[in-house]
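Quick notes on the structure that follows.
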There are 4 protein chains.
Amino acid sequence: MASLVRTGISIDRDLLQRFDRAIARKGYANRSEAIRGLVREHAVTVNVTQNRVIVGSLTLVYDHHQPNLSERLIEAQHHYRGKVLATTHVHLDSRHCLEVIIVKGRSAEVQRLADQLLSLRGVKHGRLVMTTSGKHL
Amino acid sequence: MASLVRTGISIDRDLLQRFDRAIARKGYANRSEAIRGLVREHAVTVNVTQNRVIVGSLTLVYDHHQPNLSERLIEAQHHYRGKVLATTHVHLDSRHCLEVIIVKGRSAEVQRLADQLLSLRGVKHGRLVMTTSGKHL
Amino acid sequence: MASLVRTGISIDRDLLQRFDRAIARKGYANRSEAIRGLVREHAVTVNVTQNRVIVGSLTLVYDHHQPNLSERLIEAQHHYRGKVLATTHVHLDSRHCLEVIIVKGRSAEVQRLADQLLSLRGVKHGRLVMTTSGKHL
Amino acid sequence: MASLVRTGISIDRDLLQRFDRAIARKGYANRSEAIRGLVREHAVTVNVTQNRVIVGSLTLVYDHHQPNLSERLIEAQHHYRGKVLATTHVHLDSRHCLEVIIVKGRSAEVQRLADQLLSLRGVKHGRLVMTTSGKHL
């Protein structure tokens with residue numbers, strides 16, 4: 001289980017009051033939770049920069065009338081060296097599908113898979129999110 | 001069905017050659033496809049800025065040992081004014097879950113839901129992607 | 001003068017150790033300084049979202065052979081409703097100039113000026129940074 | 001001198017009409033200019049990813065009452081392996097200064113200098129922009 005420690009910071013009173021107001025609007029229960037959020041966001045960015053193992057979620061919108069696209073999407077996922085954890089499919093309208101592909105792997109490999117899928121003909125738009133594998137957070 | 005038109009652009013030879021090389025590395029079949037990709041990315045950004053209806057995919061990593069968190073995540077989704085299209089859940093390790101929540105709605109509302117869920121105690125990290133609803137793309 | 005207060009946060013030991021290592025590599029003297037940095041970054045983002053008065057620095061690279069471009073750049077700055085604080089010009093090569101325009105104003109107005117200058121023919125590339133006016137930070 | 005070539009793309013009529021409206025609002029004279037803008041933005045991102053020589057503009061806001069800060073800012077710039085092209089200084093208020101430091105060098109070196117300066121005690125906020133050295137654009 002994760003073990004908690006306490007740490008103190010000194011900060012300008014005015015800045016802290018503004019921070020408290022801003023995080024209250026977003027719904028944070030308290031300041032400690034919000035600051036942990038900033039530290040974790042920093043940690044994830046470091047992991048991405050250092051090509052550590054991360055979890056990526058790639059959101060694609062594509063035209064399912066495009067010939068062979070489904071096969072190519074599946075083919076690329078099978079050749080991916082990391083691990084595909086799950087895929088979710090949503091029918092947006094009669095023509096467009098949205099797919100979220102959740103993968104695990106080193107950030108550079110995940111980025112390469114995303115580049116490959118996003119460049120397929122018939123893929124209209126997409127974005128990749130890199131988040132944590134849950135370790136050390 | 002979408003109707004295609006042709007348009008021409010003039011561009012520096014050197015810049016175009018570099019573009020061709022860069023998109024070939026990413027896997028694009030041809031230049032036209034890659035430029036359409038840039039135009040679509042631009043269109044999605046405009047939609048987000050103008051608070052149009054978009055589709056969002058919110059990726060969350062959370063600690064399922066956190067008391068009441070699952071209830072709060074579901075509660076917030078039920079109060080969301082837009083539409084939740086699908087949710088996918090992955091067990092990352094004995095402690096951490098990843099959830100992707102796919103929603104449709106105006107970009108400001110989607111952002112508000114994301115802020116609310118990301119600020120819940122026990123949510124370790126998360127990021128929101130805004131993409132197209134498929135219309136006009 | 002700014003008055004400092006102290007606040008404490010509880011945080012996972014492992015996460016904190018990783019944060020300490022990451023910020024040491026970047027050169028931070030201590031943890032308190034680094035966390036203040038994250039809180040300030042958050043504050044600036046809030047100011048931008050809420051259309052508060054910010055300071056922007058717009059970096060442009062342009063081709064000075066483009067007819068009338070210099071006049072248009074100056075014209076647009078004179079019509080800007082906010083305040084232009086300073087402009088710096090660097091000769092990159094025989095053809096290209098870099099200009100940094102430092103402005104003060106509400107974030108939406110600064111963004112509009114940036115869009116306007118970046119769309120001028122002959123402007124090859126540019127990016128806008130929004131930072132603090134120095135107040136409450 | 002740069003030599004222009006023409007290239008054609010096929011694109012959905014509806015998407016193109018929306019693009020035309022969006023770029024007109026921003027002030028682009030025509031579609032060709034706007035698409036070149038997207039291609040150049042892509043080229044700059046590629047240069048940054050591949051650690052090519054770029055030009056960076058680092059915007060810093062700092063408290064000039066902080067002991068030794070000016071010396072440290074200058075010291076770090078002198079140790080920077082790339083080239084500092086220019087520095088601009090603006091007095092924001094009685095306490096805060098804004099400085100824009102324009103540097104040339106490989107993107108990773110520029111990023112390292114930015115990390116180093118942004119972590120100095122007394123530097124309140126800052127952001128780095130990477131743009132083109134003007135070559136091949």
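Within each chain, counting starts at residue 1; across the structure tokens, chains are named A, B, ... in the order shown, with ligands numbered 1 upward in that order.
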Give me, as a tab-separated table, the closest atom pair and its distance (Å, one decimal) for every residue of chain A within a cut-off of 7 Å of chain B, counting only C-alpha atoms, rows sorted by chain and rising number.
residue	atom	partner	partner_atom	distance
A:Lys26	CA	B:Asp115	CA	5.5
A:Gly27	CA	B:Gln116	CA	5.6
A:Tyr28	CA	B:Ser119	CA	4.9
A:Glu33	CA	B:Arg121	CA	6.7
A:Gly37	CA	B:Lys124	CA	6.9
A:Arg40	CA	B:His125	CA	6.7
A:Glu41	CA	B:His125	CA	6.6
A:Thr88	CA	B:Thr88	CA	6.8
A:Leu92	CA	B:Ser133	CA	6.7
A:His96	CA	B:Gly134	CA	5.8
A:Asp115	CA	B:Lys26	CA	5.5
A:Gln116	CA	B:Gly27	CA	5.6
A:Ser119	CA	B:Tyr28	CA	4.9
A:Leu120	CA	B:Tyr28	CA	6.4
A:Arg121	CA	B:Glu33	CA	6.7
A:Lys124	CA	B:Leu137	CA	6.8
A:His125	CA	B:Glu41	CA	6.7
A:Gly126	CA	B:Thr131	CA	6.6
A:Arg127	CA	B:Val129	CA	6.5
A:Val129	CA	B:Arg127	CA	6.6
A:Thr131	CA	B:Gly126	CA	6.6
A:Ser133	CA	B:Leu92	CA	6.7
A:Gly134	CA	B:His96	CA	5.8
A:Leu137	CA	B:Lys124	CA	6.9
For the structure I just gave you, how does DSSP split chain C - specifically, which residues are strand (DSSP E)? Reply as a PyMOL selection string. chain C and resi 4-12+53-63+83-91+96-106+123-131
